[in-house]
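*Asks:* Here you go, this is upload_2.cif (mmCIF, C-alpha atoms).
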data_coords
loop_
_atom_site.label_atom_id
_atom_site.label_comp_id
_atom_site.auth_asym_id
_atom_site.auth_seq_id
_atom_site.Cartn_x
_atom_site.Cartn_y
_atom_site.Cartn_z
CA MET A 1 0.00 0.00 0.00
CA ALA A 2 1.38 3.35 -0.99
CA THR A 3 1.94 5.85 1.78
CA VAL A 4 -0.06 9.01 1.40
CA VAL A 5 2.01 12.05 2.23
CA LYS A 6 0.17 14.93 3.86
CA ARG A 7 1.86 18.15 2.87
CA LEU A 8 1.69 20.92 5.43
CA ASP A 9 2.62 24.53 4.82
CA LEU A 10 3.69 25.48 8.34
CA THR A 11 5.52 28.51 9.67
CA VAL A 12 7.24 29.07 12.99
CA GLY A 13 4.83 30.11 15.72
CA GLU A 14 1.75 28.34 14.42
CA ILE A 15 -0.13 25.83 16.59
CA VAL A 16 -1.24 22.54 15.03
CA GLU A 17 -3.34 19.75 16.48
CA VAL A 18 -2.48 16.12 15.85
CA ALA A 19 -4.63 13.34 17.27
CA GLY A 20 -6.11 15.73 19.80
CA ARG A 21 -2.81 17.12 21.05
CA ARG A 22 -1.54 20.59 20.31
CA TYR A 23 1.96 21.32 19.10
CA GLU A 24 3.84 24.48 18.27
CA VAL A 25 5.78 24.88 15.07
CA VAL A 26 9.35 25.85 15.93
CA SER A 27 12.63 26.19 14.10
CA ASP A 28 14.72 23.03 13.87
CA ARG A 29 17.85 25.24 13.82
CA GLU A 30 18.83 23.77 10.46
CA GLY A 31 16.68 25.96 8.28
CA GLY A 32 13.54 23.90 8.62
CA VAL A 33 10.74 23.53 11.11
CA THR A 34 9.62 20.88 13.55
CA ILE A 35 6.75 20.58 16.01
CA GLU A 36 6.88 20.28 19.78
CA PRO A 37 4.44 20.60 22.66
CA PRO A 38 3.75 24.31 23.29
CA ILE A 39 5.22 26.33 26.14
CA THR A 40 2.64 28.70 27.60
CA PRO A 41 4.27 32.10 28.17
CA ALA A 42 4.77 33.17 31.77
CA THR A 43 2.97 36.44 31.05
CA GLU A 44 -0.17 34.47 30.18
CA LEU A 45 0.12 32.35 33.32
CA HIS A 46 0.65 35.42 35.51
CA ALA A 47 -2.44 37.06 34.01
CA ARG A 48 -4.54 33.97 34.70
CA ARG A 49 -3.34 33.58 38.27
CA GLY A 50 -2.92 37.18 39.36
CA THR A 51 0.77 36.67 39.98
CA LYS A 52 3.78 38.61 38.73
CA PRO A 53 7.55 38.28 38.77
CA ALA A 54 8.96 39.21 42.16
CA SER A 55 11.05 42.35 42.41
CA ALA A 56 14.78 42.25 41.78
CA ALA A 57 15.26 43.39 45.37
CA ASP A 58 13.32 40.39 46.71
CA PHE A 59 15.28 38.05 44.47
CA GLU A 60 18.61 39.47 45.60
CA ARG A 61 17.59 39.34 49.25
CA LEU A 62 16.80 35.64 48.94
CA SER A 63 19.66 34.72 46.62
CA VAL A 64 22.61 36.73 47.85
CA ASP A 65 24.37 33.59 49.10
CA VAL A 66 23.32 31.34 46.21
CA PRO A 67 26.18 30.62 43.78
CA PHE A 68 26.21 30.81 40.00
CA ASP A 69 27.46 27.98 37.82
CA ASP A 70 28.92 28.15 34.30
CA GLU A 71 25.62 27.33 32.62
CA GLY A 72 22.48 29.35 31.96
CA MET B 1 7.64 23.33 50.58
CA PRO B 2 10.02 25.84 52.22
CA ASP B 3 13.41 26.18 50.55
CA SER B 4 15.46 27.48 53.42
CA PRO B 5 16.73 25.90 56.63
CA ALA B 6 15.92 27.21 60.06
CA GLY B 7 17.80 30.42 60.76
CA GLY B 8 18.19 31.24 57.08
CA PRO B 9 16.41 33.82 54.96
CA PRO B 10 12.59 33.91 54.91
CA ARG B 11 11.05 30.63 53.85
CA VAL B 12 9.65 30.64 50.35
CA PRO B 13 7.50 27.77 49.11
CA ILE B 14 8.29 25.87 45.92
CA GLU B 15 5.36 25.38 43.58
CA PHE B 16 4.82 23.07 40.63
CA GLY B 17 1.99 24.47 38.53
CA SER B 18 -0.08 21.80 36.88
CA LEU B 19 0.19 23.33 33.43
CA GLU B 20 3.93 23.84 33.66
CA TRP B 21 4.33 20.28 34.96
CA GLU B 22 2.33 18.93 32.03
CA GLU B 23 4.25 20.96 29.47
CA GLU B 24 7.69 20.35 30.93
CA VAL B 25 7.63 16.90 32.52
CA GLU B 26 4.72 15.03 31.01
CA ARG B 27 6.04 15.67 27.50
CA TYR B 28 8.39 12.81 28.30
CA GLY B 29 7.17 9.24 28.17
CA PRO B 30 5.73 7.79 31.39
CA ARG B 31 8.69 5.45 31.94
CA SER B 32 11.41 7.72 30.59
CA SER B 33 14.39 8.52 32.76
CA ALA B 34 13.67 12.25 32.57
CA ARG B 35 10.10 11.93 33.79
CA THR B 36 10.82 9.47 36.58
CA GLN B 37 13.75 11.58 37.81
CA ALA B 38 11.57 14.70 37.80
CA GLN B 39 8.82 12.93 39.72
CA SER B 40 11.28 11.63 42.32
CA ALA B 41 12.82 15.07 42.75
CA ARG B 42 9.43 16.74 43.13
CA LYS B 43 8.36 14.20 45.72
CA ALA B 44 11.56 14.72 47.72
CA ILE B 45 11.06 18.50 47.59
CA GLU B 46 7.42 18.30 48.63
CA VAL B 47 8.05 16.04 51.62
CA GLY B 48 10.91 18.29 52.69
CA MET B 49 13.51 15.55 52.77
CA ALA B 50 15.81 16.91 50.09
CA LYS B 51 18.88 19.05 50.53
CA LEU B 52 18.40 21.71 47.88
CA ASP B 53 21.63 22.76 46.22
CA TRP B 54 20.32 25.89 44.53
CA LYS B 55 22.18 27.69 41.78
CA ARG B 56 21.37 31.14 40.44
CA CYS B 57 20.47 31.54 36.80
CA LYS B 58 22.13 34.26 34.79
CA ALA B 59 20.30 37.37 33.63
CA ASP B 60 22.39 37.11 30.46
CA GLY B 61 23.59 33.54 30.11
CA PRO B 62 25.34 31.43 27.48
CA GLY B 63 23.48 30.98 24.23
CA GLY B 64 21.48 34.13 24.83
CA ALA B 65 19.30 32.68 27.59
CA LYS B 66 18.15 35.55 29.82
CA LEU B 67 16.78 34.26 33.11
CA PRO B 68 16.64 37.13 35.62
CA GLY B 69 14.95 36.34 38.90
CA CYS B 70 15.43 32.60 38.44
CA ARG B 71 17.15 29.77 40.25
CA LYS B 72 17.70 26.15 39.35
CA LEU B 73 18.14 22.72 40.82
CA TYR B 74 20.02 19.91 39.17
CA VAL B 75 18.13 16.62 38.89
CA PRO B 76 18.49 14.05 40.37
CA LEU B 77 18.82 15.98 43.61
CA GLY B 78 21.74 15.39 45.92
CA LYS B 79 24.24 14.32 43.27
CA GLU B 80 27.17 16.12 41.70
CA GLY B 81 28.66 16.25 38.24
CA ALA B 82 26.87 16.81 34.95
CA SER B 83 26.96 13.11 34.07
CA HIS B 84 25.09 12.26 37.28
CA THR B 85 22.68 15.20 37.09
CA PRO B 86 21.66 15.43 33.43
CA TYR B 87 18.40 17.31 34.05
CA GLY B 88 17.40 20.56 35.69
CA PHE B 89 14.43 22.43 37.11
CA VAL B 90 14.30 26.20 36.61
CA PHE B 91 12.13 28.24 38.97
CA GLN B 92 11.10 31.90 38.82
CA LEU B 93 10.54 33.91 41.99
CA ILE B 94 6.98 35.18 41.80
CA GLN B 95 4.75 37.44 43.86
CA LYS B 96 1.25 36.15 44.49
CA PRO B 97 -1.95 38.20 44.82
CA ASP B 98 -1.57 38.22 48.61
CA ASP B 99 1.98 39.59 48.17
CA SER B 100 3.59 36.36 49.35
CA LEU B 101 6.50 34.96 47.36
CA ALA B 102 6.98 31.54 45.78
CA TRP B 103 9.45 29.71 43.56
CA ASN B 104 7.40 28.65 40.56
CA LEU B 105 8.55 25.96 38.14
CA ILE B 106 9.01 27.35 34.65
CA ALA B 107 11.10 24.66 32.92
CA PHE B 108 12.43 21.14 33.17
CA GLY B 109 14.70 19.37 30.75
CA GLU B 110 18.17 18.32 29.79
CA ARG B 111 21.03 20.57 30.83
CA HIS B 112 23.33 19.45 28.05
CA PRO B 113 21.36 17.55 25.38
CA ALA B 114 23.37 15.05 23.36
CA ASN B 115 21.24 15.88 20.33
CA GLU B 116 22.06 19.44 19.32
CA ARG B 117 18.55 19.91 17.97
CA THR B 118 17.09 19.37 21.42
CA ARG B 119 16.46 22.57 23.36
CA ASN B 120 18.14 22.63 26.74
CA VAL B 121 16.32 23.54 29.93
CA TYR B 122 17.66 27.10 29.89
CA GLU B 123 16.38 27.71 26.38
CA ARG B 124 12.98 26.36 27.42
CA ALA B 125 12.96 28.64 30.48
CA HIS B 126 13.89 31.61 28.29
CA LYS B 127 11.04 30.81 25.95
CA ARG B 128 8.54 30.65 28.79
CA LEU B 129 9.72 34.02 30.10
CA HIS B 130 10.14 35.81 26.78
CA GLY B 131 7.80 34.00 24.38
CA ARG B 132 10.49 32.79 22.00
CA TYR B 133 13.74 30.85 22.01
CA PRO B 134 16.95 32.85 22.44
#
Render the structure in this file as structure tokens.
*Replies:*
Amino acid sequence: MATVVKRLDLTVGEIVEVAGRRYEVVSDREGGVTIEPPITPATELHARRGTKPASAADFERLSVDVPFDDEG
Amino acid sequence: MPDSPAGGPPRVPIEFGSLEWEEEVERYGPRSSARTQAQSARKAIEVGMAKLDWKRCKADGPGGAKLPGCRKLYVPLGKEGASHTPYGFVFQLIQKPDDSLAWNLIAFGERHPANERTRNVYERAHKRLHGRYP
């Protein structure tokens, strides 16, 4: 049986649904695109929950003794 | 679960939002190493039995990841060396409607993916904070 190829014209940032699950179209870093489960932006989550990023002063107060590493 | 020992700075709870957990941890297969390690680490944090070896994230990190106001934990907890702690949680310090503070999970994933097309946990955290990959 011949495989039927479904051709999709997708661009980065679009959301697609496959078998009931949503995926975001993202760059594959090689000039093409791939799909992956979406990451809901923090701004959207804050708006839903009534939260916000803590102040830099609060972060520094709590983290003054916490070390950095050589990663992100 | 408080993140600070007695006598330390004010205790701040650690929270795992259900949506973030689904997007970050449950994207892995149910029996995958990543998911089982994340579940074990979360359980240890929530029962308060884990020693939390926090690290600060950089406001302007390698690869363009900008994670101000964030900290991370290597996973599995309590181990050292990248080969023994291949995953990481990234948390953002947030202020809640009642003005209390919490460390809120924003990303989980591989710290140093073997496959260069796989986004690392810092890139995922950047995307959640800024809406796009660095």
*Asks:* What residues come out when you apply the PyMOL selection byres ((chain B) within 7 of (chain A)) to this file, written as a PDB file with C-alpha atoms, in the coordinates of the input?
*Replies:*
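Result file is result-v2.pdb:
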ATOM      1  CA  PRO B   9      16.410  33.820  54.960  1.00  0.00           C
ATOM      2  CA  GLU B  23       4.250  20.960  29.470  1.00  0.00           C
ATOM      3  CA  TRP B  54      20.320  25.890  44.530  1.00  0.00           C
ATOM      4  CA  LYS B  55      22.180  27.690  41.780  1.00  0.00           C
ATOM      5  CA  ARG B  56      21.370  31.140  40.440  1.00  0.00           C
ATOM      6  CA  CYS B  57      20.470  31.540  36.800  1.00  0.00           C
ATOM      7  CA  LYS B  58      22.130  34.260  34.790  1.00  0.00           C
ATOM      8  CA  GLY B  61      23.590  33.540  30.110  1.00  0.00           C
ATOM      9  CA  PRO B  62      25.340  31.430  27.480  1.00  0.00           C
ATOM     10  CA  ALA B  65      19.300  32.680  27.590  1.00  0.00           C
ATOM     11  CA  GLY B  69      14.950  36.340  38.900  1.00  0.00           C
ATOM     12  CA  LEU B  93      10.540  33.910  41.990  1.00  0.00           C
ATOM     13  CA  ILE B  94       6.980  35.180  41.800  1.00  0.00           C
ATOM     14  CA  GLN B  95       4.750  37.440  43.860  1.00  0.00           C
ATOM     15  CA  LYS B  96       1.250  36.150  44.490  1.00  0.00           C
ATOM     16  CA  PRO B  97      -1.950  38.200  44.820  1.00  0.00           C
ATOM     17  CA  ARG B 117      18.550  19.910  17.970  1.00  0.00           C
ATOM     18  CA  TYR B 122      17.660  27.100  29.890  1.00  0.00           C
ATOM     19  CA  ARG B 128       8.540  30.650  28.790  1.00  0.00           C
ATOM     20  CA  LEU B 129       9.720  34.020  30.100  1.00  0.00           C
ATOM     21  CA  GLY B 131       7.800  34.000  24.380  1.00  0.00           C
TER      22      GLY B 131
END
*Asks:* Using the chain letters and numbers from the file, which residues does the PyMOL selection byres ((chain B and resi 120) around 10) grab, as a list in words?
*Replies:*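 In the shown coordinates, the PyMOL selection byres ((chain B and resi 120) around 10) covers Gly72 of chain A; Tyr87, Gly88, Ala107, Phe108, Gly109, Glu110, Arg111, His112, Pro113, Ala114, Asn115, Glu116, Arg117, Thr118, Arg119, Val121, Tyr122, Glu123, Arg124 and Ala125 of chain B.
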*Asks:* Would you work out the distance separating CA of Phe89 in chain B from CA of Thr34 in chain A, expressed in Å to one decimal?
*Replies:* 24.1 Å
*Asks:* List, as a list in words, every residue that the PyMOL selection byres ((chain A and resi 9) around 12) selects in the file provided.
*Replies:*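 On this input, the PyMOL selection byres ((chain A and resi 9) around 12) captures Lys6, Arg7, Leu8, Leu10, Thr11, Val12, Glu14, Val16, Val25, Gly32, Val33 and Thr34 of chain A.
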*Asks:* Include C-alpha atoms and write out the residues we just selected as a PDB file, in the coordinates of the input.
*Replies:*
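Produced file part-v8.pdb, reproduced below:
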ATOM      1  CA  LYS A   6       0.170  14.930   3.860  1.00  0.00           C
ATOM      2  CA  ARG A   7       1.860  18.150   2.870  1.00  0.00           C
ATOM      3  CA  LEU A   8       1.690  20.920   5.430  1.00  0.00           C
ATOM      4  CA  LEU A  10       3.690  25.480   8.340  1.00  0.00           C
ATOM      5  CA  THR A  11       5.520  28.510   9.670  1.00  0.00           C
ATOM      6  CA  VAL A  12       7.240  29.070  12.990  1.00  0.00           C
ATOM      7  CA  GLU A  14       1.750  28.340  14.420  1.00  0.00           C
ATOM      8  CA  VAL A  16      -1.240  22.540  15.030  1.00  0.00           C
ATOM      9  CA  VAL A  25       5.780  24.880  15.070  1.00  0.00           C
ATOM     10  CA  GLY A  32      13.540  23.900   8.620  1.00  0.00           C
ATOM     11  CA  VAL A  33      10.740  23.530  11.110  1.00  0.00           C
ATOM     12  CA  THR A  34       9.620  20.880  13.550  1.00  0.00           C
TER      13      THR A  34
END
*Asks:* Mind pulling up the distance from CA of Ala34 in chain B to CA of His84 in chain B?
*Replies:* 12.4 Å
*Asks:* In Å to one decimal, how far is CA of Val75 in chain B from CA of Ala41 in chain B?
*Replies:*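 Value for the CA of Ala41 in chain B-CA of Val75 in chain B distance: 6.7 Å.
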*Asks:* If you count only C-alpha atoms, which residues fall within 12 Å of Ala38 in chain B, apart from same-chain ones fewer than 5 positions away, as a PDB file with C-alpha atoms, in the frame of the given file?
*Replies:*
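What ended up in selection12.pdb:
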ATOM      1  CA  PHE B  16       4.820  23.070  40.630  1.00  0.00           C
ATOM      2  CA  TRP B  21       4.330  20.280  34.960  1.00  0.00           C
ATOM      3  CA  GLU B  22       2.330  18.930  32.030  1.00  0.00           C
ATOM      4  CA  GLU B  24       7.690  20.350  30.930  1.00  0.00           C
ATOM      5  CA  VAL B  25       7.630  16.900  32.520  1.00  0.00           C
ATOM      6  CA  GLU B  26       4.720  15.030  31.010  1.00  0.00           C
ATOM      7  CA  ARG B  27       6.040  15.670  27.500  1.00  0.00           C
ATOM      8  CA  TYR B  28       8.390  12.810  28.300  1.00  0.00           C
ATOM      9  CA  GLY B  29       7.170   9.240  28.170  1.00  0.00           C
ATOM     10  CA  PRO B  30       5.730   7.790  31.390  1.00  0.00           C
ATOM     11  CA  ARG B  31       8.690   5.450  31.940  1.00  0.00           C
ATOM     12  CA  SER B  32      11.410   7.720  30.590  1.00  0.00           C
ATOM     13  CA  SER B  33      14.390   8.520  32.760  1.00  0.00           C
ATOM     14  CA  LYS B  43       8.360  14.200  45.720  1.00  0.00           C
ATOM     15  CA  ALA B  44      11.560  14.720  47.720  1.00  0.00           C
ATOM     16  CA  ILE B  45      11.060  18.500  47.590  1.00  0.00           C
ATOM     17  CA  LEU B  73      18.140  22.720  40.820  1.00  0.00           C
ATOM     18  CA  TYR B  74      20.020  19.910  39.170  1.00  0.00           C
ATOM     19  CA  VAL B  75      18.130  16.620  38.890  1.00  0.00           C
ATOM     20  CA  PRO B  76      18.490  14.050  40.370  1.00  0.00           C
ATOM     21  CA  LEU B  77      18.820  15.980  43.610  1.00  0.00           C
ATOM     22  CA  THR B  85      22.680  15.200  37.090  1.00  0.00           C
ATOM     23  CA  PRO B  86      21.660  15.430  33.430  1.00  0.00           C
ATOM     24  CA  TYR B  87      18.400  17.310  34.050  1.00  0.00           C
ATOM     25  CA  GLY B  88      17.400  20.560  35.690  1.00  0.00           C
ATOM     26  CA  PHE B  89      14.430  22.430  37.110  1.00  0.00           C
ATOM     27  CA  VAL B  90      14.300  26.200  36.610  1.00  0.00           C
ATOM     28  CA  LEU B 105       8.550  25.960  38.140  1.00  0.00           C
ATOM     29  CA  ALA B 107      11.100  24.660  32.920  1.00  0.00           C
ATOM     30  CA  PHE B 108      12.430  21.140  33.170  1.00  0.00           C
ATOM     31  CA  GLY B 109      14.700  19.370  30.750  1.00  0.00           C
ATOM     32  CA  GLU B 110      18.170  18.320  29.790  1.00  0.00           C
TER      33      GLU B 110
END
*Asks:* Do you know which residues lie at most 8 Å from (7.5, 21.9, 42.8), with coordinates as in the file and all atoms listed in the file counted, and could you write them as a list of chain:residue names?
*Replies:*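 Here is the list of nearby residues: B:Met1, B:Ile14, B:Glu15, B:Phe16, B:Gly17, B:Arg42, B:Ile45, B:Glu46, B:Asn104, B:Leu105.
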*Asks:* Could N, CA and C atoms be built for range 34-52 of chain B and written out as a PDB file, in the coordinates of the input?
*Replies:*
ATOM      1  N   ALA B  34      13.904  10.836  32.235  1.00  0.00           N
ATOM      2  CA  ALA B  34      13.670  12.250  32.570  1.00  0.00           C
ATOM      3  C   ALA B  34      12.437  12.398  33.452  1.00  0.00           C
ATOM      4  N   ARG B  35      11.364  11.756  33.048  1.00  0.00           N
ATOM      5  CA  ARG B  35      10.100  11.930  33.790  1.00  0.00           C
ATOM      6  C   ARG B  35      10.176  11.302  35.179  1.00  0.00           C
ATOM      7  N   THR B  36      10.754  10.110  35.271  1.00  0.00           N
ATOM      8  CA  THR B  36      10.820   9.470  36.580  1.00  0.00           C
ATOM      9  C   THR B  36      11.757  10.232  37.514  1.00  0.00           C
ATOM     10  N   GLN B  37      12.838  10.786  36.965  1.00  0.00           N
ATOM     11  CA  GLN B  37      13.750  11.580  37.810  1.00  0.00           C
ATOM     12  C   GLN B  37      13.066  12.861  38.284  1.00  0.00           C
ATOM     13  N   ALA B  38      12.286  13.486  37.411  1.00  0.00           N
ATOM     14  CA  ALA B  38      11.570  14.700  37.800  1.00  0.00           C
ATOM     15  C   ALA B  38      10.545  14.396  38.883  1.00  0.00           C
ATOM     16  N   GLN B  39       9.835  13.303  38.718  1.00  0.00           N
ATOM     17  CA  GLN B  39       8.820  12.930  39.720  1.00  0.00           C
ATOM     18  C   GLN B  39       9.461  12.650  41.068  1.00  0.00           C
ATOM     19  N   SER B  40      10.587  11.937  41.058  1.00  0.00           N
ATOM     20  CA  SER B  40      11.280  11.630  42.320  1.00  0.00           C
ATOM     21  C   SER B  40      11.757  12.910  42.997  1.00  0.00           C
ATOM     22  N   ALA B  41      12.307  13.819  42.186  1.00  0.00           N
ATOM     23  CA  ALA B  41      12.820  15.070  42.750  1.00  0.00           C
ATOM     24  C   ALA B  41      11.676  15.894  43.334  1.00  0.00           C
ATOM     25  N   ARG B  42      10.576  15.963  42.620  1.00  0.00           N
ATOM     26  CA  ARG B  42       9.430  16.740  43.130  1.00  0.00           C
ATOM     27  C   ARG B  42       8.934  16.155  44.454  1.00  0.00           C
ATOM     28  N   LYS B  43       8.849  14.835  44.499  1.00  0.00           N
ATOM     29  CA  LYS B  43       8.360  14.200  45.720  1.00  0.00           C
ATOM     30  C   LYS B  43       9.294  14.515  46.896  1.00  0.00           C
ATOM     31  N   ALA B  44      10.591  14.426  46.656  1.00  0.00           N
ATOM     32  CA  ALA B  44      11.560  14.720  47.720  1.00  0.00           C
ATOM     33  C   ALA B  44      11.441  16.169  48.179  1.00  0.00           C
ATOM     34  N   ILE B  45      11.214  17.079  47.234  1.00  0.00           N
ATOM     35  CA  ILE B  45      11.060  18.500  47.590  1.00  0.00           C
ATOM     36  C   ILE B  45       9.788  18.689  48.417  1.00  0.00           C
ATOM     37  N   GLU B  46       8.706  18.068  47.977  1.00  0.00           N
ATOM     38  CA  GLU B  46       7.420  18.300  48.630  1.00  0.00           C
ATOM     39  C   GLU B  46       7.340  17.684  50.032  1.00  0.00           C
ATOM     40  N   VAL B  47       8.070  16.608  50.270  1.00  0.00           N
ATOM     41  CA  VAL B  47       8.050  16.040  51.620  1.00  0.00           C
ATOM     42  C   VAL B  47       9.125  16.682  52.499  1.00  0.00           C
ATOM     43  N   GLY B  48       9.935  17.541  51.907  1.00  0.00           N
ATOM     44  CA  GLY B  48      10.910  18.290  52.690  1.00  0.00           C
ATOM     45  C   GLY B  48      12.133  17.497  53.100  1.00  0.00           C
ATOM     46  N   MET B  49      12.384  16.405  52.393  1.00  0.00           N
ATOM     47  CA  MET B  49      13.510  15.550  52.770  1.00  0.00           C
ATOM     48  C   MET B  49      14.778  15.839  51.962  1.00  0.00           C
ATOM     49  N   ALA B  50      14.669  16.709  50.980  1.00  0.00           N
ATOM     50  CA  ALA B  50      15.810  16.910  50.090  1.00  0.00           C
ATOM     51  C   ALA B  50      16.672  18.087  50.521  1.00  0.00           C
ATOM     52  N   LYS B  51      17.972  17.915  50.377  1.00  0.00           N
ATOM     53  CA  LYS B  51      18.880  19.050  50.530  1.00  0.00           C
ATOM     54  C   LYS B  51      18.914  19.740  49.164  1.00  0.00           C
ATOM     55  N   LEU B  52      18.541  21.009  49.152  1.00  0.00           N
ATOM     56  CA  LEU B  52      18.400  21.710  47.880  1.00  0.00           C
ATOM     57  C   LEU B  52      19.650  22.538  47.592  1.00  0.00           C
TER      58      LEU B  52
END
